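The structure file final.txt is reproduced below (compact mmCIF, C-alpha atoms and all ligand atoms).
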# COMPACT_ATOMS: atom_id res chain seq x y z
CA MET A 2 167.27 59.72 172.96
CA THR A 3 165.00 61.85 170.72
CA THR A 4 164.82 61.01 167.05
CA LEU A 5 163.68 63.47 164.40
CA ALA A 6 160.45 61.50 163.95
CA HIS A 7 159.73 61.74 167.68
CA TYR A 8 160.61 65.43 167.79
CA LEU A 9 158.28 66.26 164.89
CA LYS A 10 155.46 64.25 166.48
CA THR A 11 155.82 65.77 169.95
CA HIS A 12 156.41 69.42 169.04
CA ALA A 13 153.03 70.13 167.47
CA VAL A 14 154.62 70.55 164.06
CA ASP A 15 152.02 70.88 161.31
CA ALA A 16 151.56 67.38 159.87
CA ALA A 17 152.15 68.47 156.27
CA VAL A 18 155.33 70.39 157.18
CA SER A 19 156.51 67.45 159.20
CA ASP A 20 155.91 65.06 156.29
CA VAL A 21 157.83 67.27 153.84
CA ILE A 22 160.75 67.58 156.28
CA THR A 23 160.78 63.80 156.57
CA THR A 24 160.91 63.44 152.78
CA ILE A 25 163.82 65.90 152.49
CA THR A 26 165.80 64.36 155.34
CA GLU A 27 165.29 60.85 153.97
CA VAL A 28 166.83 62.00 150.67
CA GLY A 29 169.61 63.52 152.79
CA LYS A 30 170.44 60.02 154.01
CA THR A 31 170.88 58.85 150.40
CA ILE A 32 173.09 61.84 149.53
CA SER A 33 175.11 61.22 152.68
CA GLN A 34 175.65 57.57 151.63
CA LEU A 35 176.70 58.59 148.11
CA LEU A 36 179.20 61.09 149.52
CA LYS A 37 180.69 58.42 151.76
CA LYS A 38 181.36 56.28 148.69
CA GLY A 39 182.72 59.30 146.82
CA ALA A 40 184.67 58.39 143.70
CA LEU A 41 183.54 54.76 144.08
CA ALA A 42 179.94 55.86 143.46
CA ASP A 43 180.99 57.80 140.34
CA ILE A 44 179.55 61.02 141.78
CA LEU A 45 182.57 63.30 141.38
CA GLY A 46 183.34 65.66 138.50
CA GLU A 47 181.41 67.77 136.07
CA ALA A 48 177.96 66.97 134.71
CA GLY A 49 178.88 68.70 131.45
CA ASN A 50 176.18 71.38 131.49
CA GLN A 51 175.41 74.75 133.07
CA ASN A 52 172.53 75.71 135.36
CA VAL A 53 170.22 78.67 134.79
CA GLN A 54 172.74 80.93 136.52
CA GLY A 55 175.51 80.02 134.07
CA GLU A 56 177.42 77.90 136.60
CA GLU A 57 179.00 74.58 135.60
CA GLN A 58 176.97 71.79 137.20
CA LYS A 59 178.75 69.01 139.02
CA LYS A 60 177.40 65.45 138.75
CA LEU A 61 176.34 65.62 142.38
CA ASP A 62 174.49 68.95 141.90
CA VAL A 63 172.32 67.21 139.31
CA LEU A 64 171.97 63.96 141.23
CA ALA A 65 171.00 65.61 144.52
CA ASN A 66 168.55 67.85 142.68
CA ASP A 67 166.92 64.89 140.90
CA LEU A 68 166.65 62.84 144.10
CA LEU A 69 164.90 65.69 145.95
CA LEU A 70 162.66 66.50 143.02
CA GLU A 71 161.58 62.89 142.57
CA ALA A 72 160.83 62.39 146.27
CA LEU A 73 158.97 65.69 146.70
CA ALA A 74 156.87 65.14 143.56
CA LYS A 75 155.41 62.09 145.32
CA ASN A 76 154.68 63.99 148.53
CA THR A 77 150.98 64.94 148.47
CA HIS A 78 151.60 68.06 150.59
CA CYS A 79 154.09 69.54 148.14
CA ALA A 80 152.47 71.83 145.56
CA GLY A 81 155.71 72.77 143.83
CA VAL A 82 159.46 72.79 143.99
CA ALA A 83 162.01 75.50 143.15
CA SER A 84 165.69 74.68 142.99
CA GLU A 85 168.94 76.51 142.35
CA GLU A 86 169.58 73.95 139.60
CA LEU A 87 166.26 74.28 137.73
CA ASP A 88 165.36 77.07 135.29
CA ASP A 89 161.77 77.27 136.52
CA ALA A 90 159.80 76.00 139.47
CA THR A 91 158.36 72.52 138.96
CA PRO A 92 154.69 72.01 139.86
CA ALA A 93 154.00 68.97 142.03
CA ASN A 94 150.61 68.20 143.62
CA ALA A 95 148.10 71.00 143.06
CA ASP A 96 146.22 70.09 146.24
CA GLY A 97 149.35 70.46 148.35
CA ARG A 98 149.63 73.29 150.89
CA LEU A 99 153.39 73.74 150.71
CA LEU A 100 156.11 74.98 148.39
CA VAL A 101 159.62 73.62 148.80
CA LEU A 102 162.79 75.45 147.78
CA PHE A 103 166.29 74.04 147.94
CA ASP A 104 169.94 74.30 147.13
CA PRO A 105 170.41 70.57 146.57
CA LEU A 106 174.18 70.68 146.92
CA ASP A 107 175.79 73.67 148.57
CA GLY A 108 179.55 74.09 148.29
CA SER A 109 179.92 72.46 144.88
CA SER A 110 183.62 73.33 144.65
CA ASN A 111 184.20 71.14 147.71
CA ILE A 112 182.72 67.93 146.25
CA ASP A 113 185.79 66.71 144.39
CA ILE A 114 188.20 67.46 147.24
CA ASN A 115 186.31 65.48 149.90
CA MET A 116 185.36 68.56 151.93
CA ALA A 117 182.11 69.58 153.60
CA VAL A 118 179.01 70.14 151.46
CA GLY A 119 175.33 70.33 152.29
CA THR A 120 171.69 70.62 151.28
CA ILE A 121 169.72 73.77 152.23
CA PHE A 122 165.90 73.85 152.24
CA SER A 123 163.04 76.23 152.84
CA ILE A 124 159.28 75.59 153.10
CA LEU A 125 156.70 78.26 152.20
CA PRO A 126 152.90 78.18 152.28
CA TYR A 127 151.06 77.65 149.00
CA GLN A 128 148.14 80.06 148.55
CA ARG A 129 146.40 78.73 145.43
CA GLN A 130 145.49 75.16 146.35
CA GLY A 131 143.83 73.25 143.54
CA GLN A 132 145.71 75.18 140.85
CA THR A 133 149.05 74.41 139.27
CA SER A 134 151.88 76.28 141.02
CA GLU A 135 153.99 78.79 139.11
CA ASN A 136 157.22 80.73 139.68
CA SER A 137 155.25 83.70 141.02
CA ASP A 138 153.81 81.61 143.88
CA PHE A 139 157.32 81.31 145.32
CA LEU A 140 157.95 85.07 145.45
CA GLN A 141 157.28 85.44 149.17
CA ALA A 142 159.49 87.20 151.71
CA GLY A 143 161.62 84.89 153.86
CA GLN A 144 159.72 85.84 157.01
CA HIS A 145 156.83 83.69 155.71
CA GLN A 146 158.88 80.48 155.77
CA LEU A 147 157.12 77.74 157.74
CA ALA A 148 160.35 75.84 158.24
CA ALA A 149 163.96 75.95 157.10
CA GLY A 150 167.09 73.95 157.62
CA TYR A 151 170.17 72.33 156.20
CA LEU A 152 171.93 69.02 156.10
CA LEU A 153 175.68 69.26 156.49
CA TYR A 154 177.57 66.28 155.08
CA GLY A 155 180.78 66.67 157.06
CA THR A 156 182.72 64.22 159.17
CA SER A 157 179.24 63.35 160.39
CA THR A 158 175.89 64.27 158.84
CA VAL A 159 174.08 66.95 160.82
CA LEU A 160 170.62 68.44 160.41
CA ALA A 161 169.89 71.98 161.66
CA LEU A 162 166.19 72.77 161.68
CA THR A 163 163.74 75.47 162.66
CA VAL A 164 160.02 74.70 162.66
CA ALA A 165 159.04 76.75 165.67
CA ASP A 166 160.65 79.66 167.50
CA ASP A 167 163.85 77.78 168.16
CA VAL A 168 166.66 76.04 166.30
CA VAL A 169 167.49 72.40 166.94
CA MET A 170 170.21 70.09 165.70
CA PHE A 171 170.27 66.37 164.95
CA SER A 172 173.09 64.01 164.06
CA LEU A 173 172.57 61.07 161.69
CA ASP A 174 173.44 57.90 163.60
CA PRO A 175 175.22 55.60 161.11
CA ASP A 176 174.26 52.54 163.19
CA THR A 177 170.49 53.11 163.29
CA ASN A 178 170.16 55.51 160.31
CA ASP A 179 168.06 57.81 162.54
CA TYR A 180 168.52 61.53 163.06
CA VAL A 181 169.12 61.94 166.80
CA LEU A 182 168.66 65.23 168.67
CA ILE A 183 172.01 66.66 169.82
CA ASN A 184 171.06 70.25 170.67
CA ASP A 185 167.51 71.34 171.58
CA ASN A 186 168.27 75.05 171.81
CA VAL A 187 170.94 76.41 169.49
CA THR A 188 171.99 79.96 170.38
CA ILE A 189 174.56 82.39 168.98
CA ASP A 190 176.54 84.75 171.20
CA ALA A 191 176.22 88.43 170.27
CA ASP A 192 180.00 88.88 170.21
CA THR A 193 182.61 87.01 168.23
CA SER A 194 186.23 87.21 167.11
CA GLU A 195 185.84 84.91 164.11
CA TYR A 196 184.83 85.92 160.60
CA ALA A 197 184.38 84.31 157.19
CA ILE A 198 184.81 86.07 153.86
CA ASN A 199 186.45 85.30 150.54
CA SER A 200 189.01 88.10 150.68
CA SER A 201 190.23 87.51 147.13
CA ASN A 202 187.24 89.69 146.17
CA TYR A 203 188.51 92.62 148.26
CA ARG A 204 188.98 94.97 145.32
CA TYR A 205 185.36 94.48 144.23
CA TRP A 206 183.76 95.33 147.60
CA LEU A 207 182.16 98.59 148.64
CA ALA A 208 184.29 100.95 150.76
CA PRO A 209 182.50 100.16 154.09
CA MET A 210 183.14 96.44 153.70
CA GLN A 211 186.78 97.09 152.84
CA GLN A 212 187.01 99.30 155.94
CA TYR A 213 185.43 96.59 158.11
CA ILE A 214 187.88 93.91 156.99
CA ASP A 215 190.82 96.34 157.28
CA GLU A 216 189.79 96.94 160.90
CA LEU A 217 189.58 93.20 161.66
CA ILE A 218 192.98 92.57 160.10
CA ALA A 219 194.51 95.44 162.09
CA GLY A 220 193.23 93.59 165.17
CA SER A 221 194.64 94.76 168.50
CA ASP A 222 196.70 97.44 166.70
CA GLY A 223 193.59 99.08 165.25
CA VAL A 224 190.28 100.63 166.31
CA ARG A 225 188.75 97.29 167.29
CA GLY A 226 191.45 96.80 169.93
CA ARG A 227 191.43 93.00 169.73
CA ASP A 228 192.48 90.26 167.31
CA PHE A 229 190.16 88.42 164.93
CA ASN A 230 190.55 85.08 163.20
CA THR A 231 189.46 84.00 159.69
CA ARG A 232 187.71 80.75 158.73
CA TRP A 233 186.35 79.99 155.23
CA VAL A 234 184.81 76.62 154.39
CA ALA A 235 183.80 77.66 150.83
CA ALA A 236 180.41 76.09 151.53
CA MET A 237 177.93 78.44 153.17
CA VAL A 238 176.42 75.47 154.94
CA GLY A 239 179.74 74.79 156.68
CA ASP A 240 180.29 78.43 157.63
CA VAL A 241 176.75 78.80 158.99
CA HIS A 242 177.11 75.55 160.90
CA ARG A 243 180.26 76.85 162.59
CA ILE A 244 178.36 80.01 163.55
CA LEU A 245 175.48 78.00 165.03
CA CYS A 246 178.05 75.98 166.99
CA ARG A 247 180.34 78.74 168.29
CA GLY A 248 179.29 82.10 166.88
CA GLY A 249 180.98 84.14 164.18
CA LEU A 250 180.36 86.43 161.26
CA PHE A 251 179.80 85.23 157.68
CA THR A 252 179.55 87.50 154.71
CA TYR A 253 179.36 87.21 150.95
CA PRO A 254 178.95 90.95 150.43
CA PHE A 255 177.92 93.09 147.51
CA ASP A 256 180.67 93.11 144.92
CA THR A 257 181.21 94.48 141.45
CA LYS A 258 182.93 91.36 140.11
CA TYR A 259 180.13 90.41 137.74
CA ALA A 260 177.69 92.91 136.23
CA ASN A 261 174.06 92.39 137.32
CA LYS A 262 174.97 90.15 140.27
CA ALA A 263 174.30 91.81 143.60
CA GLY A 264 176.36 89.17 145.35
CA LYS A 265 176.95 85.48 144.82
CA LEU A 266 174.39 83.85 147.06
CA ARG A 267 170.79 83.13 146.17
CA LEU A 268 168.05 84.74 148.23
CA MET A 269 165.52 81.93 148.08
CA TYR A 270 167.71 78.81 148.32
CA GLU A 271 170.53 80.04 150.56
CA ALA A 272 170.02 83.44 152.21
CA ASN A 273 166.42 83.04 153.38
CA PRO A 274 166.64 79.62 155.01
CA MET A 275 169.99 80.45 156.62
CA SER A 276 168.69 83.83 157.83
CA LEU A 277 165.70 82.21 159.52
CA LEU A 278 167.99 79.76 161.34
CA ILE A 279 170.41 82.52 162.34
CA GLU A 280 167.72 84.92 163.59
CA ARG A 281 165.90 82.22 165.54
CA ALA A 282 169.20 81.31 167.20
CA GLY A 283 169.59 84.93 168.33
CA GLY A 284 171.83 86.21 165.54
CA ALA A 285 171.11 88.68 162.76
CA ALA A 286 171.03 88.48 158.95
CA THR A 287 171.13 91.45 156.57
CA ASP A 288 172.22 92.42 153.07
CA ALA A 289 174.53 94.88 154.94
CA THR A 290 171.73 97.33 155.75
CA ASN A 291 168.33 95.61 155.41
CA ARG A 292 166.95 92.51 157.08
CA ILE A 293 167.11 89.66 154.56
CA LEU A 294 163.82 88.10 155.73
CA ASP A 295 161.98 91.33 154.76
CA ILE A 296 163.09 91.27 151.13
CA ILE A 297 160.22 90.62 148.71
CA PRO A 298 161.70 88.60 145.86
CA THR A 299 161.11 89.53 142.24
CA ASP A 300 162.79 86.47 140.71
CA ILE A 301 163.16 82.96 142.09
CA HIS A 302 166.88 82.98 141.25
CA GLN A 303 167.71 86.44 142.53
CA ARG A 304 170.98 87.00 144.32
CA VAL A 305 171.56 89.01 147.44
CA PRO A 306 174.54 90.27 149.47
CA VAL A 307 174.66 88.40 152.78
CA VAL A 308 175.97 89.48 156.20
CA LEU A 309 174.95 87.14 159.01
CA GLY A 310 175.91 85.75 162.38
CA SER A 311 176.74 87.24 165.78
CA LYS A 312 174.48 90.23 166.24
CA ASN A 313 176.97 92.86 167.36
CA GLU A 314 179.21 92.32 164.30
CA VAL A 315 176.23 92.38 161.91
CA ASP A 316 175.09 95.66 163.52
CA TYR A 317 178.63 97.07 163.34
CA ILE A 318 178.74 96.40 159.58
CA LYS A 319 175.33 97.98 159.17
CA ASP A 320 176.51 101.13 160.97
CA LEU A 321 179.56 101.38 158.71
CA HIS A 322 177.34 101.17 155.62
CA VAL A 323 174.74 103.62 156.94
CA ASN A 324 177.36 106.15 158.06
CA HIS A 325 179.13 105.87 154.71
CA CYS A 326 175.94 107.00 152.93
CA LYS A 327 175.42 110.06 155.18
O1 LIG B 401 183.91 80.12 145.54
P1 LIG B 401 183.77 81.11 146.65
O2 LIG B 401 183.84 82.53 146.21
O3 LIG B 401 184.67 80.79 147.80
O4 LIG B 401 182.26 80.95 147.13
C1 LIG B 401 181.85 80.04 148.07
C2 LIG B 401 180.39 80.23 148.27
O5 LIG B 401 179.72 79.77 147.11
C3 LIG B 401 178.83 78.74 147.45
O6 LIG B 401 179.50 77.52 147.30
C4 LIG B 401 177.64 78.81 146.53
O7 LIG B 401 176.83 77.70 146.62
P2 LIG B 401 176.73 76.54 145.50
O8 LIG B 401 177.86 75.59 145.69
O9 LIG B 401 175.40 75.96 145.86
O10 LIG B 401 176.74 77.21 144.16
C5 LIG B 401 178.53 78.99 148.94
O11 LIG B 401 178.14 77.85 149.59
C6 LIG B 401 179.87 79.48 149.45
O12 LIG B 401 179.76 80.28 150.59
MG MG B 402 174.85 77.04 147.58
MG MG B 403 174.26 74.47 145.03

Write the structure described by the file as structure tokens, please.
Amino acid sequence: MTTLAHYLKTHAVDAAVSDVITTITEVGKTISQLLKKGALADILGEAGNQNVQGEEQKKLDVLANDLLLEALAKNTHCAGVASEELDDATPANADGRLLVLFDPLDGSSNIDINMAVGTIFSILPYQRQGQTSENSDFLQAGQHQLAAGYLLYGTSTVLALTVADDVVMFSLDPDTNDYVLINDNVTIDADTSEYAINSSNYRYWLAPMQQYIDELIAGSDGVRGRDFNTRWVAAMVGDVHRILCRGGLFTYPFDTKYANKAGKLRLMYEANPMSLLIERAGGAATDATNRILDIIPTDIHQRVPVVLGSKNEVDYIKDLHVNHCK
């Protein structure tokens, strides 16, 4: 049996990165416990305020954010924290070498209905040690991430992590409260017949995305010549987990639903960490045409269209978009 602590110690993981991962995953245990108690822990419902992106915050969005912030502020390696729920990045320990970014609670609309939610995190290097970190320090392309992962609070609590070239998965053992390795080499098949999209936004999509979904729905009667199946967890963490387990295609594409929003998902707290996991597992992650990990952010809260998962489907979507522009 390999615990997370043992894995981090024996895989030559940088000690500071390892320590920050330990801090995040320890908080994950607390969030997991709170979710198990649910209504009995008074964690359901609205917090009564909006985050910087104008979204109503749930009590658990705020609680998970505060727990992570408090724990990371005490971690000497952490120079600053940026969160989906905070207006600006919060400086931590100026001598730290690492910046931590997170979506404290992904899938907020699932909290009150007892469905899967998660925590997504990303670790970047800090370049100005000794000085107080600022928003601009976080504006690094996703390819520079030193580690990324998520905790999925589902029927069991699972950690997916990449700190080296591979992706590994752990399950939280409720008896010992340890994360135990359950997959030491997560890989995604290049082909899939399963896709995830919120099709209620169909009328707001670009023509190539509408064409793609039309083709999947036509199934064996259409140009694809085979049937496809839809799955939508309404928590990116759940959809990405399914893809890491059995392949698939996930997209929250560009849409025109809200002016000035290039898509719903956040580059730095959702798209980047998930893209690193997906690529390292052999899949692909784009904004429909460009690799997400190459995008140089201009704002810590910027949004990005996301197309990720089994490589051949991601490439197929890219071709549709490129050909449409010719
Ligand atoms: O409400 P929709 O359109 O189904 O969107 C679901 C998507 O929104 C998200 O819940 C956004 O994340 P947050 O819950 O962190 O805001 C994704 O996890 C998910 O893929
Ligand atoms: Mg989210
Ligand atoms: Mg969130």

- Task: Using all atoms listed in the file, determine which residues fall within 8 Å of ligand MG 403 (chain B), then list them as a list in words.
- Result: Asp62, Glu85, Glu86, Asp104, Pro105, Leu106, Asp107, Gly108, Ser109 and Thr120 of chain A

List as a short mmCIF file (atom, residue, chain, number, x, y, z; two decimals) with C-alpha atoms, in the coordinates of the input the protein and nucleic acid residues near region 45-52 of chain A, meaning an atom at most 7 Å away when all atoms listed in the file are counted, but skip any in the same chain fewer than 5 places from it.
data_model
loop_
_atom_site.label_atom_id
_atom_site.label_comp_id
_atom_site.auth_asym_id
_atom_site.auth_seq_id
_atom_site.Cartn_x
_atom_site.Cartn_y
_atom_site.Cartn_z
CA GLY A 39 182.72 59.30 146.82
CA ALA A 40 184.67 58.39 143.70
CA GLU A 57 179.00 74.58 135.60
CA GLN A 58 176.97 71.79 137.20
CA LYS A 59 178.75 69.01 139.02
CA LYS A 60 177.40 65.45 138.75
CA LEU A 61 176.34 65.62 142.38
CA GLU A 86 169.58 73.95 139.60
CA LEU A 87 166.26 74.28 137.73
CA ILE A 112 182.72 67.93 146.25
CA ASP A 113 185.79 66.71 144.39
#

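For the pair CA of Ala272 (chain A) and CA of Asp174 (chain A), the interatomic distance is 28.2 Å.
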
- Message: What residues of the protein or nucleic acid chains come within 12 Å of ligand MG 402 (chain B) when you use all atoms listed in the file? Reply as a PyMOL selection string.
- Response: chain A and resi 54+56+58+62+84-86+103-111+118-122+151+153+235-241+253+265-275+302+304

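The space separating CA of Ala191 (chain A) from CA of Gly249 (chain A) comes to 8.8 Å.
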
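Considering all atoms listed in the file, the residue among A:Leu182, A:Leu173, A:Ala74, A:Val63 positioned nearest to ligand LIG 401 (chain B) is A:Val63.
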
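Every protein or nucleic acid residue with an atom no more than 10 Å from Asn199 (chain A), counting only C-alpha atoms and leaving out same-chain residues fewer than 4 positions away, appears here: Tyr203, Thr231, Arg232, Trp233, Val234, Ala235, Phe251, Thr252, Tyr253 and Pro254 of chain A.
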
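From CA of Lys312 (chain A) back to CA of Ile183 (chain A), the distance works out to 24.0 Å.
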
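Using all atoms listed in the file, the shortest contact distance between Thr158 (chain A) and any of A:Asn178, A:Gln146, A:Ser194, A:Asn66 is found at A:Asn178.
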
- Identify which of the residues A:Leu277, A:Ile44, A:Leu217, A:Leu309 lies closest to Ala289 (chain A), counting all atoms listed in the file when measuring atom-to-atom distances. A:Leu309

- Message: Env of Val159 (chain A): 7 Å cut, atoms = only C-alpha atoms, seq-sep filter 2 positions within chain, self excluded. Answer as a ChimeraX atom specification.
- Response: /A:152-154,157,161,170-173

Counting only C-alpha atoms, which residues in region 65-166 of chain A sit no more than 10 Å from region 6-17 of chain A? For each one, give the nearest pair of atoms and the distance in Å, sorted by chain then residue number, as a tab-separated table.
residue	atom	partner	partner_atom	distance
A:Asn76	CA	A:Ala17	CA	9.3
A:Thr77	CA	A:Ala17	CA	8.6
A:His78	CA	A:Ala17	CA	5.7
A:Cys79	CA	A:Ala17	CA	8.4
A:Gly97	CA	A:Ala17	CA	8.6
A:Arg98	CA	A:Ala17	CA	7.7
A:Leu99	CA	A:Ala17	CA	7.8
A:Leu147	CA	A:Asp15	CA	9.3
A:Ala148	CA	A:Val14	CA	9.7
A:Val164	CA	A:Val14	CA	7.0
A:Ala165	CA	A:Val14	CA	7.8

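Using all atoms listed in the file for every distance, the candidate list A:Gly55, A:Val82, A:Asn136, A:Ala65 yields A:Ala65 as the residue closest to Gln34 (chain A).
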
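Residues surrounding Val168 (chain A) within 6 Å are Leu162, Asn186, Val187 and Ala282 of chain A [only C-alpha atoms; sequence separation below 6 positions excluded].
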
Find the smallest box with edges along x, y and z containing every listed atom of ligand LIG 401 (chain B), then add 3 Å on each side and report centre and edge lengths in Å to one decimal, as AutoDock Vina command-line options.
--center_x 180.0 --center_y 79.1 --center_z 147.4 --size_x 15.3 --size_y 12.9 --size_z 12.4

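The closest residue to Arg227 (chain A), picked from A:Asn324, A:Asn261, A:Thr193, A:Val169 and counting only C-alpha atoms, is A:Thr193.
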
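Minimum atom-to-atom distances from A:Ala219, A:Ala197, A:Leu245, A:Val224 to ligand LIG 401 (chain B) were compared using only C-alpha atoms and all ligand atoms, and the lowest value belongs to A:Ala197.
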
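Using only C-alpha atoms, the protein and nucleic acid residues lying no more than 12 Å from Arg204 (chain A), apart from those fewer than 5 places from it along its own chain, are Asn199, Met210, Gln211, Gln212, Ile214, Pro254, Phe255, Asp256, Thr257 and Lys258 of chain A.
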
Since the input is missing atoms, can you rebuild N, CA and C atoms for region 223-239 of chain A and write them as an mmCIF file, keeping the file's coordinate frame?
data_model
loop_
_atom_site.group_PDB
_atom_site.id
_atom_site.type_symbol
_atom_site.label_atom_id
_atom_site.label_comp_id
_atom_site.auth_asym_id
_atom_site.auth_seq_id
_atom_site.Cartn_x
_atom_site.Cartn_y
_atom_site.Cartn_z
ATOM 1 N N GLY A 223 194.512 98.131 165.888
ATOM 2 C CA GLY A 223 193.590 99.080 165.250
ATOM 3 C C GLY A 223 192.440 99.498 166.151
ATOM 4 N N VAL A 224 191.390 100.077 165.529
ATOM 5 C CA VAL A 224 190.280 100.630 166.310
ATOM 6 C C VAL A 224 189.484 99.566 167.063
ATOM 7 N N ARG A 225 189.511 98.317 166.594
ATOM 8 C CA ARG A 225 188.750 97.290 167.290
ATOM 9 C C ARG A 225 189.432 96.848 168.588
ATOM 10 N N GLY A 226 190.722 97.058 168.688
ATOM 11 C CA GLY A 226 191.450 96.800 169.930
ATOM 12 C C GLY A 226 191.549 95.339 170.340
ATOM 13 N N ARG A 227 191.264 94.425 169.432
ATOM 14 C CA ARG A 227 191.430 93.000 169.730
ATOM 15 C C ARG A 227 191.633 92.234 168.424
ATOM 16 N N ASP A 228 192.170 91.032 168.517
ATOM 17 C CA ASP A 228 192.480 90.260 167.310
ATOM 18 C C ASP A 228 191.278 89.433 166.850
ATOM 19 N N PHE A 229 191.201 89.254 165.541
ATOM 20 C CA PHE A 229 190.160 88.420 164.930
ATOM 21 C C PHE A 229 190.820 87.300 164.139
ATOM 22 N N ASN A 230 190.032 86.261 163.881
ATOM 23 C CA ASN A 230 190.550 85.080 163.200
ATOM 24 C C ASN A 230 189.662 84.757 162.000
ATOM 25 N N THR A 231 190.248 84.341 160.883
ATOM 26 C CA THR A 231 189.460 84.000 159.690
ATOM 27 C C THR A 231 189.233 82.501 159.575
ATOM 28 N N ARG A 232 188.020 82.127 159.123
ATOM 29 C CA ARG A 232 187.710 80.750 158.730
ATOM 30 C C ARG A 232 186.865 80.824 157.475
ATOM 31 N N TRP A 233 187.138 79.985 156.475
ATOM 32 C CA TRP A 233 186.350 79.990 155.230
ATOM 33 C C TRP A 233 186.231 78.555 154.726
ATOM 34 N N VAL A 234 185.027 78.010 154.798
ATOM 35 C CA VAL A 234 184.810 76.620 154.390
ATOM 36 C C VAL A 234 184.596 76.514 152.885
ATOM 37 N N ALA A 235 184.174 77.645 152.252
ATOM 38 C CA ALA A 235 183.800 77.660 150.830
ATOM 39 C C ALA A 235 182.524 76.869 150.573
ATOM 40 N N ALA A 236 181.780 76.622 151.626
ATOM 41 C CA ALA A 236 180.410 76.090 151.530
ATOM 42 C C ALA A 236 179.654 76.847 152.613
ATOM 43 N N MET A 237 178.663 77.630 152.193
ATOM 44 C CA MET A 237 177.930 78.440 153.170
ATOM 45 C C MET A 237 177.398 77.567 154.302
ATOM 46 N N VAL A 238 176.988 76.362 153.936
ATOM 47 C CA VAL A 238 176.420 75.470 154.940
ATOM 48 C C VAL A 238 177.431 75.167 156.047
ATOM 49 N N GLY A 239 178.705 75.051 155.690
ATOM 50 C CA GLY A 239 179.740 74.790 156.680
ATOM 51 C C GLY A 239 180.009 76.023 157.536
#
